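> I'd like to ask some things about the structure below.
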Amino acid sequence: MYKLTEDIIFPHPKFADEKGLLAFGGDLSLERIKIAYENGIFPWYEEGQPILWWSPDPRMVLFPENLRISKSMKKLFKDKTFKVTYNKHFEYVIQKCANINRENQDGTWITEEMIESYIQLHEAGLAKSVEVWKGDKIVGGLYGILLKDKNVFCGESMFTDVDNASKYGFITLVKNMEKNGISLIDCQIYTKHLESLGAEEISRHNFLTLLNSNV
């Protein structure tokens, strides 16, 4: 594992360990985070730990054309059950993602330091949010990093207060991204939930090749 310095340089992801951990240290400056994502690396750590930088192998991704929508979800869209907006309440979404209770997880990896940095990324136009509304209340949402020059959206976290709200937002986002030329959604690590939506695992090598070829 590599220790980062003040210089904004990362080792090649191929040097990550078997769990995908590549480096520690450094900071969460806008420039460093941007370079990290552009090279298939992302920060993920808990309160009390140093900043940890990851590039897992395999990598969970979704090609928008492979998006899978169940019959029950299609009915929700037909009935226009929710309304979806973009980038209206980024801070609210990331705070909800940080505080929601998750199965088999103690605490959160979305620390106050992470929240502050990603709000700055949002203000710089790099971090995006999706808000899912039921009436006048936000009941679900997600956020991530948009690498527009690479045609890639890197999903970070989502939350839901109502069944299927975050899934509704994710499906809407993927459809919108495909419409706007985004050809790869980086989901980072495997979950059954993402697999049910059509995401798949590919090798880190293939992921980096796609990332560096603007997909």
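Starting from 1 in every chain, residues are counted up; chains themselves are A, B, ... following the order of the structure tokens, and ligands are numbered from 1 as listed.
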Give me every alpha helix (DSSP H) residue in region 12-215 of chain A, going by DSSP on the backbone, as an MDAnalysis selection string.
chainID A and resid 30:38 71:78 90:99 112:123 165:179 192:196 204:212
> Please list as an MDAnalysis selection string every residue within 9 Å of Gly20 (chain A), counting only C-alpha atoms and excluding residues in the same chain fewer than 4 positions away.
chainID A and resid 13 15:16 53:58
> Take the residues from that selection and write them out as an mmCIF file, in the first residue's frame, keeping all heavy atoms.

data_model
loop_
_atom_site.group_PDB
_atom_site.id
_atom_site.type_symbol
_atom_site.label_atom_id
_atom_site.label_comp_id
_atom_site.auth_asym_id
_atom_site.auth_seq_id
_atom_site.Cartn_x
_atom_site.Cartn_y
_atom_site.Cartn_z
ATOM 1 N N PRO A 13 -3.376 1.847 -10.560
ATOM 2 C CA PRO A 13 -4.318 0.951 -9.875
ATOM 3 C C PRO A 13 -3.907 -0.512 -9.838
ATOM 4 O O PRO A 13 -4.334 -1.254 -8.945
ATOM 5 C CB PRO A 13 -5.613 1.144 -10.664
ATOM 6 C CG PRO A 13 -5.523 2.541 -11.179
ATOM 7 C CD PRO A 13 -4.074 2.728 -11.523
ATOM 8 N N PHE A 15 -1.402 -1.730 -8.791
ATOM 9 C CA PHE A 15 -0.641 -2.002 -7.575
ATOM 10 C C PHE A 15 -1.536 -2.140 -6.337
ATOM 11 O O PHE A 15 -1.036 -2.303 -5.226
ATOM 12 C CB PHE A 15 0.400 -0.909 -7.347
ATOM 13 C CG PHE A 15 1.482 -0.882 -8.400
ATOM 14 C CD1 PHE A 15 1.590 0.180 -9.278
ATOM 15 C CD2 PHE A 15 2.372 -1.949 -8.520
ATOM 16 C CE1 PHE A 15 2.581 0.203 -10.262
ATOM 17 C CE2 PHE A 15 3.364 -1.938 -9.502
ATOM 18 C CZ PHE A 15 3.464 -0.866 -10.373
ATOM 19 N N ALA A 16 -2.856 -2.070 -6.517
ATOM 20 C CA ALA A 16 -3.770 -2.261 -5.387
ATOM 21 C C ALA A 16 -3.670 -3.690 -4.867
ATOM 22 O O ALA A 16 -3.322 -4.620 -5.614
ATOM 23 C CB ALA A 16 -5.200 -1.963 -5.830
ATOM 24 N N TRP A 53 -7.683 4.955 -0.372
ATOM 25 C CA TRP A 53 -7.977 5.090 -1.798
ATOM 26 C C TRP A 53 -8.046 3.697 -2.432
ATOM 27 O O TRP A 53 -7.151 2.885 -2.245
ATOM 28 C CB TRP A 53 -6.902 5.931 -2.482
ATOM 29 C CG TRP A 53 -6.816 7.310 -1.897
ATOM 30 C CD1 TRP A 53 -6.036 7.703 -0.849
ATOM 31 C CD2 TRP A 53 -7.542 8.463 -2.310
ATOM 32 N NE1 TRP A 53 -6.227 9.038 -0.580
ATOM 33 C CE2 TRP A 53 -7.151 9.533 -1.455
ATOM 34 C CE3 TRP A 53 -8.486 8.705 -3.315
ATOM 35 C CZ2 TRP A 53 -7.665 10.822 -1.591
ATOM 36 C CZ3 TRP A 53 -9.003 9.984 -3.441
ATOM 37 C CH2 TRP A 53 -8.603 11.023 -2.592
ATOM 38 N N TRP A 54 -9.097 3.447 -3.203
ATOM 39 C CA TRP A 54 -9.402 2.111 -3.699
ATOM 40 C C TRP A 54 -9.534 2.048 -5.216
ATOM 41 O O TRP A 54 -9.947 3.021 -5.865
ATOM 42 C CB TRP A 54 -10.727 1.627 -3.098
ATOM 43 C CG TRP A 54 -10.745 1.581 -1.607
ATOM 44 C CD1 TRP A 54 -10.884 2.645 -0.749
ATOM 45 C CD2 TRP A 54 -10.596 0.422 -0.775
ATOM 46 N NE1 TRP A 54 -10.836 2.216 0.566
ATOM 47 C CE2 TRP A 54 -10.667 0.865 0.575
ATOM 48 C CE3 TRP A 54 -10.430 -0.935 -1.040
ATOM 49 C CZ2 TRP A 54 -10.577 -0.016 1.653
ATOM 50 C CZ3 TRP A 54 -10.344 -1.809 0.037
ATOM 51 C CH2 TRP A 54 -10.411 -1.349 1.356
ATOM 52 N N SER A 55 -9.217 0.887 -5.742
ATOM 53 C CA SER A 55 -9.488 0.566 -7.146
ATOM 54 C C SER A 55 -9.702 -0.948 -7.226
ATOM 55 O O SER A 55 -8.776 -1.716 -7.504
ATOM 56 C CB SER A 55 -8.319 0.991 -8.053
ATOM 57 O OG SER A 55 -8.666 0.791 -9.420
ATOM 58 N N PRO A 56 -10.934 -1.399 -6.953
ATOM 59 C CA PRO A 56 -11.204 -2.841 -6.842
ATOM 60 C C PRO A 56 -11.139 -3.587 -8.171
ATOM 61 O O PRO A 56 -11.323 -3.008 -9.244
ATOM 62 C CB PRO A 56 -12.624 -2.880 -6.260
ATOM 63 C CG PRO A 56 -13.230 -1.575 -6.646
ATOM 64 C CD PRO A 56 -12.124 -0.580 -6.661
ATOM 65 N N ASP A 57 -10.887 -4.864 -8.052
ATOM 66 C CA ASP A 57 -10.864 -5.762 -9.210
ATOM 67 C C ASP A 57 -11.548 -7.066 -8.786
ATOM 68 O O ASP A 57 -11.037 -7.752 -7.888
ATOM 69 C CB ASP A 57 -9.422 -6.040 -9.634
ATOM 70 C CG ASP A 57 -9.322 -6.829 -10.926
ATOM 71 O OD1 ASP A 57 -10.351 -6.965 -11.624
ATOM 72 O OD2 ASP A 57 -8.217 -7.319 -11.229
ATOM 73 N N PRO A 58 -12.715 -7.400 -9.345
ATOM 74 C CA PRO A 58 -13.377 -6.744 -10.472
ATOM 75 C C PRO A 58 -14.085 -5.457 -10.079
ATOM 76 O O PRO A 58 -14.172 -5.118 -8.899
ATOM 77 C CB PRO A 58 -14.382 -7.804 -10.930
ATOM 78 C CG PRO A 58 -14.716 -8.556 -9.689
ATOM 79 C CD PRO A 58 -13.446 -8.626 -8.902
#
> So that I can check the surroundings of Phe10 (chain A), please list as a tab-separated table (two decimals) with N, CA and C atoms, in the first residue's frame every protein, DNA and RNA residue that reaches within 12 Å of it, counting only C-alpha atoms and ignoring chain neighbours fewer than 2 positions away.

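Written file, around03.tsv:
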chain	number	residue	atom	x	y	z
A	1	MET	N	0.84	-1.19	0.00
A	1	MET	CA	0.00	0.00	0.00
A	1	MET	C	0.88	1.25	0.00
A	2	TYR	N	0.51	2.23	-0.80
A	2	TYR	CA	1.33	3.42	-0.96
A	2	TYR	C	0.85	4.56	-0.06
A	3	LYS	N	1.80	5.30	0.51
A	3	LYS	CA	1.46	6.48	1.29
A	3	LYS	C	1.56	7.70	0.38
A	4	LEU	N	0.46	8.44	0.27
A	4	LEU	CA	0.46	9.62	-0.58
A	4	LEU	C	1.14	10.79	0.11
A	5	THR	N	1.69	11.69	-0.66
A	5	THR	CA	2.34	12.89	-0.16
A	5	THR	C	1.51	14.10	-0.56
A	6	GLU	N	2.07	15.29	-0.40
A	6	GLU	CA	1.38	16.51	-0.81
A	6	GLU	C	1.25	16.58	-2.33
A	7	ASP	N	2.15	15.90	-3.04
A	7	ASP	CA	2.06	15.87	-4.50
A	7	ASP	C	0.81	15.08	-4.91
A	8	ILE	N	0.10	15.61	-5.88
A	8	ILE	CA	-1.14	14.96	-6.30
A	8	ILE	C	-0.82	13.91	-7.37
A	12	HIS	N	-0.25	3.48	-10.04
A	12	HIS	CA	-1.17	2.84	-10.98
A	12	HIS	C	-2.08	1.88	-10.21
A	13	PRO	N	-3.38	1.85	-10.56
A	13	PRO	CA	-4.32	0.95	-9.88
A	13	PRO	C	-3.91	-0.51	-9.84
A	14	LYS	N	-3.07	-0.94	-10.77
A	14	LYS	CA	-2.66	-2.35	-10.80
A	14	LYS	C	-1.87	-2.74	-9.54
A	15	PHE	N	-1.40	-1.73	-8.79
A	15	PHE	CA	-0.64	-2.00	-7.57
A	15	PHE	C	-1.54	-2.14	-6.34
A	16	ALA	N	-2.86	-2.07	-6.52
A	16	ALA	CA	-3.77	-2.26	-5.39
A	16	ALA	C	-3.67	-3.69	-4.87
A	22	LEU	N	-5.41	0.67	-2.57
A	22	LEU	CA	-4.24	1.13	-3.33
A	22	LEU	C	-3.31	2.02	-2.51
A	23	ALA	N	-3.87	2.96	-1.75
A	23	ALA	CA	-3.03	3.96	-1.09
A	23	ALA	C	-3.77	4.55	0.11
A	24	PHE	N	-3.01	5.31	0.93
A	24	PHE	CA	-3.63	6.02	2.05
A	24	PHE	C	-2.96	7.38	2.19
A	25	GLY	N	-3.68	8.28	2.87
A	25	GLY	CA	-3.12	9.60	3.09
A	25	GLY	C	-3.58	10.61	2.06
A	26	GLY	N	-2.83	11.69	1.94
A	26	GLY	CA	-3.21	12.75	1.03
A	26	GLY	C	-4.33	13.59	1.61
A	32	ARG	N	-7.31	16.59	-6.30
A	32	ARG	CA	-6.90	15.21	-6.04
A	32	ARG	C	-8.05	14.24	-6.32
A	33	ILE	N	-9.24	14.58	-5.86
A	33	ILE	CA	-10.39	13.69	-6.08
A	33	ILE	C	-10.69	13.55	-7.56
A	34	LYS	N	-10.62	14.66	-8.29
A	34	LYS	CA	-10.88	14.61	-9.74
A	34	LYS	C	-9.88	13.69	-10.44
A	35	ILE	N	-8.60	13.84	-10.11
A	35	ILE	CA	-7.58	12.99	-10.73
A	35	ILE	C	-7.79	11.53	-10.34
A	36	ALA	N	-8.19	11.30	-9.08
A	36	ALA	CA	-8.44	9.93	-8.63
A	36	ALA	C	-9.53	9.27	-9.49
A	37	TYR	N	-10.68	9.92	-9.61
A	37	TYR	CA	-11.78	9.33	-10.38
A	37	TYR	C	-11.40	9.14	-11.85
A	38	GLU	N	-10.66	10.07	-12.39
A	38	GLU	CA	-10.25	9.96	-13.79
A	38	GLU	C	-9.32	8.78	-14.02
A	39	ASN	N	-8.74	8.28	-12.93
A	39	ASN	CA	-7.84	7.13	-13.03
A	39	ASN	C	-8.41	5.87	-12.39
A	40	GLY	N	-9.73	5.86	-12.17
A	40	GLY	CA	-10.38	4.66	-11.66
A	40	GLY	C	-10.15	4.42	-10.17
A	41	ILE	N	-9.92	5.48	-9.42
A	41	ILE	CA	-9.62	5.39	-7.99
A	41	ILE	C	-10.64	6.23	-7.22
A	42	PHE	N	-11.04	5.78	-6.04
A	42	PHE	CA	-11.99	6.58	-5.25
A	42	PHE	C	-11.67	6.45	-3.76
A	52	LEU	N	-8.42	6.44	2.75
A	52	LEU	CA	-8.04	5.24	2.01
A	52	LEU	C	-8.52	5.37	0.57
A	53	TRP	N	-7.68	4.96	-0.37
A	53	TRP	CA	-7.98	5.09	-1.80
A	53	TRP	C	-8.05	3.70	-2.43
A	54	TRP	N	-9.10	3.45	-3.20
A	54	TRP	CA	-9.40	2.11	-3.70
A	54	TRP	C	-9.53	2.05	-5.22
A	55	SER	N	-9.22	0.89	-5.74
A	55	SER	CA	-9.49	0.57	-7.15
A	55	SER	C	-9.70	-0.95	-7.23
> So which residues touch Gly155 (chain A) within 9 Å, counting only C-alpha atoms, skipping near sequence neighbours fewer than 3 positions away, as a PyMOL selection string?
chain A and resi 142-146+158+185-188
> Output C-alpha atoms for every residue in that selection, as a PDB file, in the first residue's frame.

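Dumped everything to selection_8.pdb:
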ATOM      1  CA  LEU A 142     -28.411   9.472  -4.907  1.00  0.00           C
ATOM      2  CA  TYR A 143     -25.225  11.310  -5.797  1.00  0.00           C
ATOM      3  CA  GLY A 144     -22.031  10.721  -7.725  1.00  0.00           C
ATOM      4  CA  ILE A 145     -19.270  12.186  -9.856  1.00  0.00           C
ATOM      5  CA  LEU A 146     -19.803  13.003 -13.525  1.00  0.00           C
ATOM      6  CA  MET A 158     -28.138   6.361  -2.484  1.00  0.00           C
ATOM      7  CA  ILE A 185     -22.092   3.957 -14.988  1.00  0.00           C
ATOM      8  CA  ASP A 186     -19.373   3.052 -12.478  1.00  0.00           C
ATOM      9  CA  CYS A 187     -21.053   1.252  -9.569  1.00  0.00           C
ATOM     10  CA  GLN A 188     -17.688   0.422  -7.930  1.00  0.00           C
TER      11      GLN A 188
END
> Can you build me a table of region 47-103 of chain A residues sitting at most 12 Å from region 110-117 of chain A, with the closest atom pair per residue and its distance in Å to one decimal, using only C-alpha atoms, sorted by chain and residue number, as CSV?

residue,atom,partner,partner_atom,distance
A:Glu47,CA,A:Thr111,CA,6.2
A:Gly48,CA,A:Thr111,CA,9.6
A:Gln49,CA,A:Thr111,CA,10.5
A:Pro50,CA,A:Glu113,CA,11.4
A:Ile51,CA,A:Met114,CA,9.7
A:Leu52,CA,A:Met114,CA,11.8
A:Phe90,CA,A:Ile115,CA,10.2
A:Glu91,CA,A:Ile115,CA,8.0
A:Tyr92,CA,A:Ile115,CA,10.4
A:Val93,CA,A:Ile115,CA,10.3
A:Ile94,CA,A:Ile115,CA,6.8
A:Gln95,CA,A:Ile115,CA,7.4
A:Lys96,CA,A:Ile110,CA,10.1
A:Cys97,CA,A:Ile110,CA,7.7
A:Ala98,CA,A:Ile110,CA,5.1
A:Asn99,CA,A:Ile110,CA,8.5
A:Ile100,CA,A:Ile110,CA,10.6
